[in-house]
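Colleague: So that we are looking at the same thing, I have put the structure below in C-alpha cells.
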Amino acid sequence: MLRVSVTSLCGFGCMYCAPGTAQDPEVSLPSSFLSPRLFEKNLGLLSKKLEIKEIHLTGGEPTLHKELPELVRISKKEGIENVAVTSNGFFREGLIEDLKGAGLTRMNFSLDAMEQNSFSKISGKNLPLPRLLHRIEEASSLGLEVKVNCTVLRNYNADQILPLLHWAGERKIPIRYLELMKMGPLHEKHSELFYSAEEIRNNLGSEFDFISVDTPLESTARYYETTEHYSFGIIANHTEPFCEGCNRLRMDSRGRIYGCLSDFRSFPVSEEGSELDASLEAAMQTKKNVFTGSELSMKYIGG
C-alpha cells in the first residue's frame, strides 16, 4: 500500500494530531499541495519497482486539495485496484460524487464523538457534528465502501466508544478505534492521554458480546463482530504492534517517501533507476520491529 499525504494543511486542529494549529486553506501556498504532475511521475516510477495494489490519499485534510479527483484518476490510470481517501467530512457538496466518478473505491472518515461538545473539544473547531454524520451516510448511500475511525483519548472521548459503535453498527458501517499514537506535538504527553486496546475492549464488553474475526497479517486493525453483527476494529500500535506485517510506503506532498511512522527520515523518488533502488532500500531499512513513534506530526506523512 502507498499512503500519500497530498497536503499537510488541515482546517482542524485535532488533539491527537496537531492541537491548536488549524489552518486556513485560502491563505495557503500552492507548494502546500502535491501536484498531479509530480504524483503521476512518482507513481509511475514506483510502480515499475513495486506492486502497488492500494493507494490511500490522506493528509492533513485531502479534500482541501482542489485537484483531488484528478489524483484519484491518475491512480486508476496507473492500474491501482483500490483507491481510498480519509477525510474529516467537511467539504463541498458534490465532491463525493466527483471522487467516485474518478474511480474512488473507499472513504474513511474521522469520527471521534457522537456528542457535539466532545467533538468540538477534540477537533479544535466548533463545527456541526450532524454535517459530518450526513457525509458518512452520503458516501455509503452512493455505494462506496465506508469506514469510520475514532482515536480514543483519556478524559476526552472514552465515554463515546459505546455510542459510536451503536451509530456505526446500526448503519452496517465498520468502525475502528485507534490507540493514541506517540506522534507530533503530543509526543511528550502521550502517557497522560493514552487509552489502551484492552481498555477499549473492556469498555465495549460492558454492553456488547463479541468475538474476534480473522484478520489479514498486513491489516493494521484487529477486527471483532458483536452478536448484533456490528463490526469494529482496534488499531493498537503501542500495546499490540503489527509492525511485522507492515507493507506500507508513504509519500509526502513534496513527493518524498518514508518507510516507517517511527522514523522521520525521507528519501527522494529519483528518475534514475539505481538511485530509486537505493531510496527504496533505505526506506525499508527504517522500518522498526515495534512502534516507537516520532516527533513528526502525522499530517506530514499521511494520517
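Within each chain, counting starts at residue 1; across the C-alpha cells, chains are named A, B, ... in the order shown, with ligands numbered 1 upward in that order.
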Neighbours of A:Glu170 within 12 Å (only C-alpha atoms; same-chain residues fewer than 2 positions away dropped), as a PyMOL selection string?

Modeller: chain A and resi 137+163-168+172-175+226+228-231

Colleague: Pull the closest atom pair for each residue of stretch 196-243 of chain A that gets at most 12 Å from stretch 258-268 of chain A, along with the distance in Å to one decimal, counting only C-alpha atoms, ordering rows by chain and then ascending residue number, as a Markdown table.

Modeller:
| residue | atom | partner | partner_atom | distance |
| --- | --- | --- | --- | --- |
| A:Asn237 | CA | A:Leu261 | CA | 10.5 |
| A:His238 | CA | A:Ser262 | CA | 11.4 |
| A:Cys243 | CA | A:Cys260 | CA | 9.3 |

Colleague: Let's have the selection written as a PDB file, in the first residue's frame, with C-alpha atoms.

Modeller:
ATOM      1  CA  ASN A 237       0.144   0.443  17.570  1.00  0.00           C
ATOM      2  CA  HIS A 238       1.549   0.500  21.072  1.00  0.00           C
ATOM      3  CA  CYS A 243       4.979  -3.969  12.523  1.00  0.00           C
TER       4      CYS A 243
END

Colleague: Got a sec: who's within 10 Å of A:Glu97, counting only C-alpha atoms, leaving out chain neighbours fewer than 5 positions off, as number ranges by chain?

Modeller: A: 69, 102-104, 138-139, 142, 144

Colleague: Dump N, CA, C and O atoms for the selected residues as a short mmCIF file (atom, residue, chain, number, x, y, z; two decimals), in the first residue's frame?

Modeller:
data_model
loop_
_atom_site.label_atom_id
_atom_site.label_comp_id
_atom_site.auth_asym_id
_atom_site.auth_seq_id
_atom_site.Cartn_x
_atom_site.Cartn_y
_atom_site.Cartn_z
N PRO A 69 -9.90 14.84 -7.18
CA PRO A 69 -10.42 13.86 -8.15
C PRO A 69 -9.40 13.49 -9.23
O PRO A 69 -9.36 12.34 -9.67
N ALA A 102 -14.34 9.53 -10.50
CA ALA A 102 -12.94 9.43 -10.88
C ALA A 102 -12.36 8.05 -10.60
O ALA A 102 -11.26 7.73 -11.06
N GLY A 103 -13.10 7.22 -9.81
CA GLY A 103 -12.65 5.86 -9.56
C GLY A 103 -12.41 5.52 -8.11
O GLY A 103 -11.90 4.43 -7.79
N LEU A 104 -12.78 6.42 -7.18
CA LEU A 104 -12.59 6.14 -5.76
C LEU A 104 -13.37 4.91 -5.34
O LEU A 104 -14.51 4.72 -5.77
N GLU A 138 -23.93 9.72 3.27
CA GLU A 138 -23.96 10.01 1.84
C GLU A 138 -23.00 9.11 1.08
O GLU A 138 -23.35 8.52 0.05
N ALA A 139 -21.77 8.98 1.57
CA ALA A 139 -20.78 8.15 0.91
C ALA A 139 -21.24 6.70 0.85
O ALA A 139 -21.09 6.01 -0.17
N LEU A 142 -24.00 6.13 -1.72
CA LEU A 142 -23.52 6.19 -3.10
C LEU A 142 -22.75 4.94 -3.51
O LEU A 142 -22.25 4.85 -4.63
N LEU A 144 -19.97 3.57 -2.04
CA LEU A 144 -18.57 3.46 -1.67
C LEU A 144 -18.43 2.58 -0.43
O LEU A 144 -19.32 2.56 0.43
#

Colleague: Step one, run DSSP on the backbone; step two, keep only residues of stretch 23-233 of chain A assigned to strand (DSSP E or B); then write them as a ChimeraX atom specification.

Modeller: /A:33,54-59,82-87,106-110,145-152,175-179,183,210-212,222-226,231-233

Colleague: Can I get the selection written as a tab-separated table (two decimals), in the first residue's frame, with C-alpha atoms?

Modeller:
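Wrote it out as again-v9.tsv, contents follow:
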chain	number	residue	atom	x	y	z
A	33	PHE	CA	-0.17	20.62	-2.17
A	54	GLU	CA	-3.84	0.20	-2.99
A	55	ILE	CA	-3.35	3.94	-2.70
A	56	HIS	CA	-4.64	5.89	0.27
A	57	LEU	CA	-4.88	9.65	-0.29
A	58	THR	CA	-4.72	11.46	3.00
A	59	GLY	CA	-3.12	14.44	4.72
A	82	ASN	CA	-8.21	0.21	-4.63
A	83	VAL	CA	-8.10	3.97	-4.08
A	84	ALA	CA	-9.17	5.40	-0.73
A	85	VAL	CA	-9.46	8.84	0.84
A	86	THR	CA	-9.52	9.72	4.55
A	87	SER	CA	-11.40	12.90	5.46
A	106	ARG	CA	-13.42	3.74	-0.32
A	107	MET	CA	-13.80	6.67	2.05
A	108	ASN	CA	-12.61	6.66	5.66
A	109	PHE	CA	-13.99	9.33	7.98
A	110	SER	CA	-12.61	10.55	11.28
A	145	GLU	CA	-17.00	1.21	0.93
A	146	VAL	CA	-17.01	3.29	4.12
A	147	LYS	CA	-15.16	3.02	7.42
A	148	VAL	CA	-15.06	5.38	10.37
A	149	ASN	CA	-12.07	5.95	12.65
A	150	CYS	CA	-12.10	7.06	16.27
A	151	THR	CA	-8.88	7.97	18.08
A	152	VAL	CA	-9.54	7.40	21.77
A	175	ILE	CA	-15.71	1.43	13.00
A	176	ARG	CA	-12.08	1.30	14.07
A	177	TYR	CA	-10.84	2.52	17.43
A	178	LEU	CA	-7.25	3.75	17.46
A	179	GLU	CA	-4.83	3.87	20.33
A	183	MET	CA	3.44	11.29	17.26
A	210	PHE	CA	-18.28	-10.03	20.58
A	211	ILE	CA	-15.83	-12.47	19.02
A	212	SER	CA	-12.57	-11.97	17.15
A	222	ARG	CA	-7.72	-6.50	14.64
A	223	TYR	CA	-11.43	-6.99	13.90
A	224	TYR	CA	-14.34	-8.18	16.01
A	225	GLU	CA	-18.05	-8.81	15.47
A	226	THR	CA	-20.81	-8.40	18.04
A	231	SER	CA	-18.21	-4.79	13.05
A	232	PHE	CA	-15.40	-2.97	14.82
A	233	GLY	CA	-11.62	-2.99	14.74

Colleague: Applying 10 Å and only C-alpha atoms, which residues near stretch 193-201 of chain A remain after dropping the ones on its own chain fewer than 3 positions away? List them as a ChimeraX atom specification.

Modeller: /A:15-16,151-158,161-162,177-182,186,189-190,204-206,208,210,224,233-240

Colleague: Output C-alpha atoms of each residue in that selection to a file, as a CSV table (one decimal), in the first residue's frame.

Modeller:
chain,number,residue,atom,x,y,z
A,15,MET,CA,-5.9,17.0,19.9
A,16,TYR,CA,-4.2,13.8,18.6
A,151,THR,CA,-8.9,8.0,18.1
A,152,VAL,CA,-9.5,7.4,21.8
A,153,LEU,CA,-8.1,9.9,24.3
A,154,ARG,CA,-8.4,9.5,28.0
A,155,ASN,CA,-10.5,12.3,29.6
A,156,TYR,CA,-11.7,13.4,26.1
A,157,ASN,CA,-13.9,10.8,24.4
A,158,ALA,CA,-13.6,7.4,26.1
A,161,ILE,CA,-16.9,4.5,22.5
A,162,LEU,CA,-20.3,2.8,23.0
A,177,TYR,CA,-10.8,2.5,17.4
A,178,LEU,CA,-7.3,3.7,17.5
A,179,GLU,CA,-4.8,3.9,20.3
A,180,LEU,CA,-3.3,7.4,20.5
A,181,MET,CA,0.0,7.2,18.6
A,182,LYS,CA,3.1,8.8,20.1
A,186,LEU,CA,1.8,15.1,21.9
A,189,LYS,CA,2.3,14.0,26.8
A,190,HIS,CA,1.4,10.7,25.3
A,204,LEU,CA,-17.3,-2.3,24.7
A,205,GLY,CA,-17.7,-5.5,26.7
A,206,SER,CA,-19.7,-3.8,29.3
A,208,PHE,CA,-21.7,-6.0,23.9
A,210,PHE,CA,-18.3,-10.0,20.6
A,224,TYR,CA,-14.3,-8.2,16.0
A,233,GLY,CA,-11.6,-3.0,14.7
A,234,ILE,CA,-8.9,-1.9,17.1
A,235,ILE,CA,-5.7,-0.4,15.8
A,236,ALA,CA,-3.2,-0.8,18.7
A,237,ASN,CA,0.1,0.4,17.6
A,238,HIS,CA,1.5,0.5,21.1
A,239,THR,CA,0.1,-2.4,23.1
A,240,GLU,CA,-0.4,-4.9,20.2

Colleague: Can you pull out the residues contacting A:Lys125? Cut-off 8 Å, using only C-alpha atoms, and skip same-chain residues under 5 positions away; I want them as a PDB file with C-alpha atoms, in the first residue's frame.

Modeller:
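Once written, result_26.pdb looks like this:
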ATOM      1  CA  PHE A  12      -8.970  21.225  12.071  1.00  0.00           C
ATOM      2  CA  GLY A  13      -6.550  21.260  14.984  1.00  0.00           C
ATOM      3  CA  SER A 120     -15.609  20.250  19.201  1.00  0.00           C
TER       4      SER A 120
END

Colleague: Write down as a PyMOL selection string the residues of stretch 80-182 of chain A whose backbone DSSP state falls under helix (DSSP H, G or I).

Modeller: chain A and resi 95-102+116-123+129-141+158-170

Colleague: Mind pulling up the distance from atom CA of A:Leu38 to atom CA of A:Arg250?

Modeller: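 Atom CA of A:Arg250 sits 14.7 Å away from atom CA of A:Leu38.
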
Colleague: Set the distance at 10 Å and use only C-alpha atoms: which residues neighbour A:Leu46 once local chain neighbours fewer than 4 positions away are removed? I'd like the list as number ranges by chain.

Modeller: A: 2, 40-42, 50-52, 269-271, 276-277, 280

Colleague: Dump C-alpha atoms for the selected residues as a PDB file, in the first residue's frame?

Modeller:
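Saved to again-v8.pdb:
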ATOM      1  CA  LEU A   2       1.085   3.556  -0.736  1.00  0.00           C
ATOM      2  CA  GLU A  40       1.853  10.912 -11.694  1.00  0.00           C
ATOM      3  CA  LYS A  41       5.607  10.911 -12.278  1.00  0.00           C
ATOM      4  CA  ASN A  42       6.436   9.397  -8.895  1.00  0.00           C
ATOM      5  CA  LEU A  50       6.753  -2.229  -6.617  1.00  0.00           C
ATOM      6  CA  GLU A  51       3.397  -3.977  -6.898  1.00  0.00           C
ATOM      7  CA  ILE A  52       1.076  -1.269  -5.564  1.00  0.00           C
ATOM      8  CA  VAL A 269      11.984   9.396  -5.824  1.00  0.00           C
ATOM      9  CA  SER A 270      14.652   9.567  -8.495  1.00  0.00           C
ATOM     10  CA  GLU A 271      14.164   9.037 -12.216  1.00  0.00           C
ATOM     11  CA  LEU A 276      15.462   4.946  -6.791  1.00  0.00           C
ATOM     12  CA  ASP A 277      16.500   1.431  -5.770  1.00  0.00           C
ATOM     13  CA  LEU A 280      13.544   2.252  -1.574  1.00  0.00           C
TER      14      LEU A 280
END

Colleague: Of the candidates A:Glu281, A:Asp252, A:Glu207, A:Glu295, which one gets nearest to A:Thr7 if we count only C-alpha atoms?

Modeller: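 Between A:Glu281, A:Asp252, A:Glu207, A:Glu295, the residue approaching A:Thr7 most closely is A:Asp252.
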